[in-house]
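A.B. asks: Supplied structure: start-v9.pdb, PDB, C-alpha atoms and all ligand atoms.
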MODEL        1
ATOM      1  CA  MET A  95     -66.295 -50.883-160.401
ATOM      2  CA  LYS A  96     -68.401 -49.151-157.753
ATOM      3  CA  ASN A  97     -71.625 -50.410-159.306
ATOM      4  CA  LYS A  98     -70.302 -53.953-159.389
ATOM      5  CA  THR A  99     -69.439 -53.806-155.686
ATOM      6  CA  LYS A 100     -72.914 -52.492-154.928
ATOM      7  CA  LYS A 101     -74.498 -55.320-156.887
ATOM      8  CA  ILE A 102     -72.470 -57.927-155.045
ATOM      9  CA  ILE A 103     -73.385 -56.396-151.692
ATOM     10  CA  SER A 104     -77.120 -56.352-152.509
ATOM     11  CA  PHE A 105     -76.861 -59.913-153.782
ATOM     12  CA  LEU A 106     -75.290 -60.987-150.486
ATOM     13  CA  ALA A 107     -77.990 -59.069-148.606
ATOM     14  CA  VAL A 108     -80.678 -61.017-150.493
ATOM     15  CA  ILE A 109     -78.960 -64.317-149.690
ATOM     16  CA  GLY A 110     -78.666 -63.237-146.062
ATOM     17  CA  THR A 111     -82.345 -62.312-145.893
ATOM     18  CA  MET A 112     -83.330 -65.590-147.533
ATOM     19  CA  SER A 113     -81.286 -67.687-145.149
ATOM     20  CA  THR A 114     -82.687 -65.715-142.195
ATOM     21  CA  MET A 115     -86.212 -66.406-143.480
ATOM     22  CA  PHE A 116     -85.499 -70.084-143.904
ATOM     23  CA  GLY A 117     -83.726 -70.161-140.561
ATOM     24  CA  THR A 118     -86.790 -68.735-138.851
ATOM     25  CA  MET A 119     -89.146 -71.038-140.699
ATOM     26  CA  THR A 120     -87.096 -74.121-140.061
ATOM     27  CA  MET A 121     -86.857 -74.929-136.386
ATOM     28  CA  LYS A 122     -86.115 -78.581-136.905
ATOM     29  CA  THR A 123     -83.759 -80.378-134.621
ATOM     30  CA  SER A 124     -82.749 -83.980-134.196
ATOM     31  CA  ALA A 125     -81.580 -85.797-131.087
ATOM     32  CA  ASN A 126     -77.903 -85.803-132.006
ATOM     33  CA  TYR A 127     -78.090 -82.659-134.151
ATOM     34  CA  LEU A 128     -77.593 -84.671-137.281
ATOM     35  CA  GLY A 129     -77.654 -82.111-140.062
ATOM     36  CA  ASP A 130     -76.599 -79.233-137.814
ATOM     37  CA  ILE A 131     -73.413 -78.610-139.759
ATOM     38  CA  ASN A 132     -72.627 -75.190-138.298
ATOM     39  CA  GLY A 133     -73.432 -76.174-134.721
ATOM     40  CA  ASP A 134     -76.082 -73.542-133.895
ATOM     41  CA  ASN A 135     -78.518 -76.195-132.598
ATOM     42  CA  LEU A 136     -80.840 -75.588-135.547
ATOM     43  CA  ILE A 137     -81.171 -77.317-138.878
ATOM     44  CA  SER A 138     -81.640 -74.584-141.453
ATOM     45  CA  MET A 139     -80.575 -73.389-144.898
ATOM     46  CA  SER A 140     -77.363 -72.126-143.287
ATOM     47  CA  ASP A 141     -76.366 -75.757-142.759
ATOM     48  CA  THR A 142     -76.799 -76.684-146.428
ATOM     49  CA  ILE A 143     -74.728 -73.618-147.302
ATOM     50  CA  ALA A 144     -72.050 -74.673-144.803
ATOM     51  CA  LEU A 145     -72.075 -78.195-146.239
ATOM     52  CA  ALA A 146     -71.816 -76.867-149.804
ATOM     53  CA  ARG A 147     -68.869 -74.730-148.702
ATOM     54  CA  PHE A 148     -67.254 -77.765-147.055
ATOM     55  CA  LEU A 149     -67.654 -79.740-150.298
ATOM     56  CA  ASN A 150     -65.953 -76.835-152.082
ATOM     57  CA  GLY A 151     -63.094 -76.918-149.591
ATOM     58  CA  GLU A 152     -64.049 -73.540-148.104
ATOM     59  CA  TYR A 153     -65.328 -74.656-144.716
ATOM     60  CA  VAL A 154     -63.909 -76.807-141.928
ATOM     61  CA  LEU A 155     -66.406 -79.117-140.287
ATOM     62  CA  SER A 156     -66.353 -79.177-136.496
ATOM     63  CA  ASP A 157     -68.382 -82.392-136.361
ATOM     64  CA  TYR A 158     -68.186 -84.773-139.298
ATOM     65  CA  SER A 159     -70.918 -87.032-137.912
ATOM     66  CA  ALA A 160     -73.419 -84.136-138.070
ATOM     67  CA  ALA A 161     -72.840 -83.827-141.819
ATOM     68  CA  ASP A 162     -73.259 -87.500-142.702
ATOM     69  CA  VAL A 163     -77.059 -87.405-142.800
ATOM     70  CA  ASN A 164     -77.391 -90.766-144.557
ATOM     71  CA  VAL A 165     -74.796 -92.381-142.246
ATOM     72  CA  ASN A 166     -72.769 -94.052-144.993
ATOM     73  CA  ALA A 167     -69.456 -92.751-143.585
ATOM     74  CA  ILE A 168     -68.994 -90.504-146.629
ATOM     75  CA  ILE A 169     -69.755 -86.801-146.714
ATOM     76  CA  ASP A 170     -70.650 -85.797-150.241
ATOM     77  CA  ASP A 171     -73.250 -83.977-152.312
ATOM     78  CA  VAL A 172     -75.823 -86.692-151.552
ATOM     79  CA  ASP A 173     -75.745 -85.570-147.912
ATOM     80  CA  ARG A 174     -76.270 -81.968-149.008
ATOM     81  CA  GLN A 175     -79.271 -82.994-151.149
ATOM     82  CA  ILE A 176     -80.786 -85.037-148.308
ATOM     83  CA  LEU A 177     -80.286 -82.169-145.867
ATOM     84  CA  LEU A 178     -81.973 -79.786-148.314
ATOM     85  CA  ALA A 179     -84.887 -82.198-148.799
ATOM     86  CA  PHE A 180     -85.239 -82.487-145.017
ATOM     87  CA  ILE A 181     -85.350 -78.695-144.598
ATOM     88  CA  MET A 182     -87.895 -78.430-147.422
ATOM     89  CA  GLY A 183     -90.054 -81.027-145.685
ATOM     90  CA  ASN A 184     -89.634 -83.712-148.351
ATOM     91  CA  ILE A 185     -87.909 -85.969-145.840
ATOM     92  CA  SER A 186     -89.478 -86.249-142.404
ATOM     93  CA  SER A 187     -86.545 -87.450-140.337
ATOM     94  CA  LEU A 188     -82.789 -87.871-140.236
ATOM     95  CA  PRO A 189     -80.783 -90.007-140.721
ATOM     96  CA  TYR A 190     -82.237 -90.760-144.127
ATOM     97  CA  THR A 191     -81.131 -94.074-145.570
ATOM     98  CA  GLY A 192     -83.880 -94.657-148.144
TER      99      GLY A 192
HETATM  100 CA    CA A 201     -77.278 -75.276-137.931
HETATM  101 CA    CA A 202     -73.217 -89.550-146.345
ENDMDL
END
Turn the structure described in the file into structure tokens.
C.D. replies:
Amino acid sequence: MKNKTKKIISFLAVIGTMSTMFGTMTMKTSANYLGDINGDNLISMSDTIALARFLNGEYVLSDYSAADVNVNAIIDDVDRQILLAFIMGNISSLPYTG
């Protein structure tokens, strides 16, 4: 039981480190903070995690318009994929409607 707890904690630490790394690397912003799901004025991996949690019903969005990165009035996994592609540099700007 103790070992399992330790493993979970180190796993969370790795995730935390990764998202910090991505957060530092990704200083992207957009005029209306489209894609800034968690409202910290930065578009980073934390936002895709927040959006994934919202899609799982674990997170309450403070600004729905920030999450709809392809502006189709629906917030779904497509938005999460677009946001991820934007953070990875595969999409150069938001909103992405292509
Ligand atoms: Ca953010
Ligand atoms: Ca959408």
A.B. asks: Translate the PyMOL selection byres (((chain A and resi 177) around 12) and not hetatm) into a concrete residue list for this structure, as an NGL selection string.
C.D. replies: :A and (122-123 or 127-131 or 137-146 or 160-164 or 169-176 or 178-191)
A.B. asks: Taking all atoms of segment 177-191 of chain A that the file lists, what box with edges along x, y and z, padded by 5 Å per side, do you get, with centre and edge lengths in Å to one decimal, as AutoDock Vina command-line options?
C.D. replies:
--center_x -85.2 --center_y -86.3 --center_z -144.5 --size_x 19.8 --size_y 25.6 --size_z 18.6
A.B. asks: Measure the distance from atom CA of Phe148 of chain A to atom CA of Asn132 of chain A in Å and round it to one decimal.
C.D. replies: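 So the answer is 10.6 Å.
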A.B. asks: Generate the missing atoms of segment 169-184 of chain A up to N, CA and C atoms and report them as a PDB file, keeping the file's coordinate frame.
C.D. replies:
ATOM      1  N   ILE A 169     -69.068 -88.093-146.637  1.00  0.00           N
ATOM      2  CA  ILE A 169     -69.755 -86.801-146.714  1.00  0.00           C
ATOM      3  C   ILE A 169     -69.595 -86.282-148.134  1.00  0.00           C
ATOM      4  N   ASP A 170     -70.704 -86.243-148.847  1.00  0.00           N
ATOM      5  CA  ASP A 170     -70.650 -85.797-150.241  1.00  0.00           C
ATOM      6  C   ASP A 170     -71.921 -85.034-150.595  1.00  0.00           C
ATOM      7  N   ASP A 171     -72.114 -84.789-151.880  1.00  0.00           N
ATOM      8  CA  ASP A 171     -73.250 -83.977-152.312  1.00  0.00           C
ATOM      9  C   ASP A 171     -74.588 -84.649-152.009  1.00  0.00           C
ATOM     10  N   VAL A 172     -74.586 -85.979-151.889  1.00  0.00           N
ATOM     11  CA  VAL A 172     -75.823 -86.692-151.552  1.00  0.00           C
ATOM     12  C   VAL A 172     -76.315 -86.227-150.180  1.00  0.00           C
ATOM     13  N   ASP A 173     -75.378 -86.053-149.249  1.00  0.00           N
ATOM     14  CA  ASP A 173     -75.745 -85.570-147.912  1.00  0.00           C
ATOM     15  C   ASP A 173     -76.347 -84.166-147.987  1.00  0.00           C
ATOM     16  N   ARG A 174     -75.762 -83.328-148.854  1.00  0.00           N
ATOM     17  CA  ARG A 174     -76.270 -81.968-149.008  1.00  0.00           C
ATOM     18  C   ARG A 174     -77.699 -82.000-149.564  1.00  0.00           C
ATOM     19  N   GLN A 175     -77.937 -82.896-150.551  1.00  0.00           N
ATOM     20  CA  GLN A 175     -79.271 -82.994-151.149  1.00  0.00           C
ATOM     21  C   GLN A 175     -80.295 -83.518-150.140  1.00  0.00           C
ATOM     22  N   ILE A 176     -79.887 -84.482-149.326  1.00  0.00           N
ATOM     23  CA  ILE A 176     -80.786 -85.037-148.308  1.00  0.00           C
ATOM     24  C   ILE A 176     -81.117 -83.961-147.268  1.00  0.00           C
ATOM     25  N   LEU A 177     -80.087 -83.233-146.854  1.00  0.00           N
ATOM     26  CA  LEU A 177     -80.286 -82.169-145.867  1.00  0.00           C
ATOM     27  C   LEU A 177     -81.257 -81.120-146.407  1.00  0.00           C
ATOM     28  N   LEU A 178     -81.084 -80.760-147.670  1.00  0.00           N
ATOM     29  CA  LEU A 178     -81.973 -79.786-148.314  1.00  0.00           C
ATOM     30  C   LEU A 178     -83.405 -80.321-148.358  1.00  0.00           C
ATOM     31  N   ALA A 179     -83.556 -81.582-148.725  1.00  0.00           N
ATOM     32  CA  ALA A 179     -84.887 -82.198-148.799  1.00  0.00           C
ATOM     33  C   ALA A 179     -85.537 -82.241-147.421  1.00  0.00           C
ATOM     34  N   PHE A 180     -84.727 -82.470-146.387  1.00  0.00           N
ATOM     35  CA  PHE A 180     -85.239 -82.487-145.017  1.00  0.00           C
ATOM     36  C   PHE A 180     -85.744 -81.106-144.621  1.00  0.00           C
ATOM     37  N   ILE A 181     -84.964 -80.073-144.933  1.00  0.00           N
ATOM     38  CA  ILE A 181     -85.350 -78.695-144.598  1.00  0.00           C
ATOM     39  C   ILE A 181     -86.615 -78.297-145.354  1.00  0.00           C
ATOM     40  N   MET A 182     -86.728 -78.755-146.597  1.00  0.00           N
ATOM     41  CA  MET A 182     -87.895 -78.430-147.422  1.00  0.00           C
ATOM     42  C   MET A 182     -89.120 -79.255-147.021  1.00  0.00           C
ATOM     43  N   GLY A 183     -88.936 -80.224-146.144  1.00  0.00           N
ATOM     44  CA  GLY A 183     -90.054 -81.027-145.685  1.00  0.00           C
ATOM     45  C   GLY A 183     -90.326 -82.251-146.539  1.00  0.00           C
ATOM     46  N   ASN A 184     -89.435 -82.537-147.496  1.00  0.00           N
ATOM     47  CA  ASN A 184     -89.634 -83.712-148.351  1.00  0.00           C
ATOM     48  C   ASN A 184     -89.152 -84.998-147.691  1.00  0.00           C
TER      49      ASN A 184
END
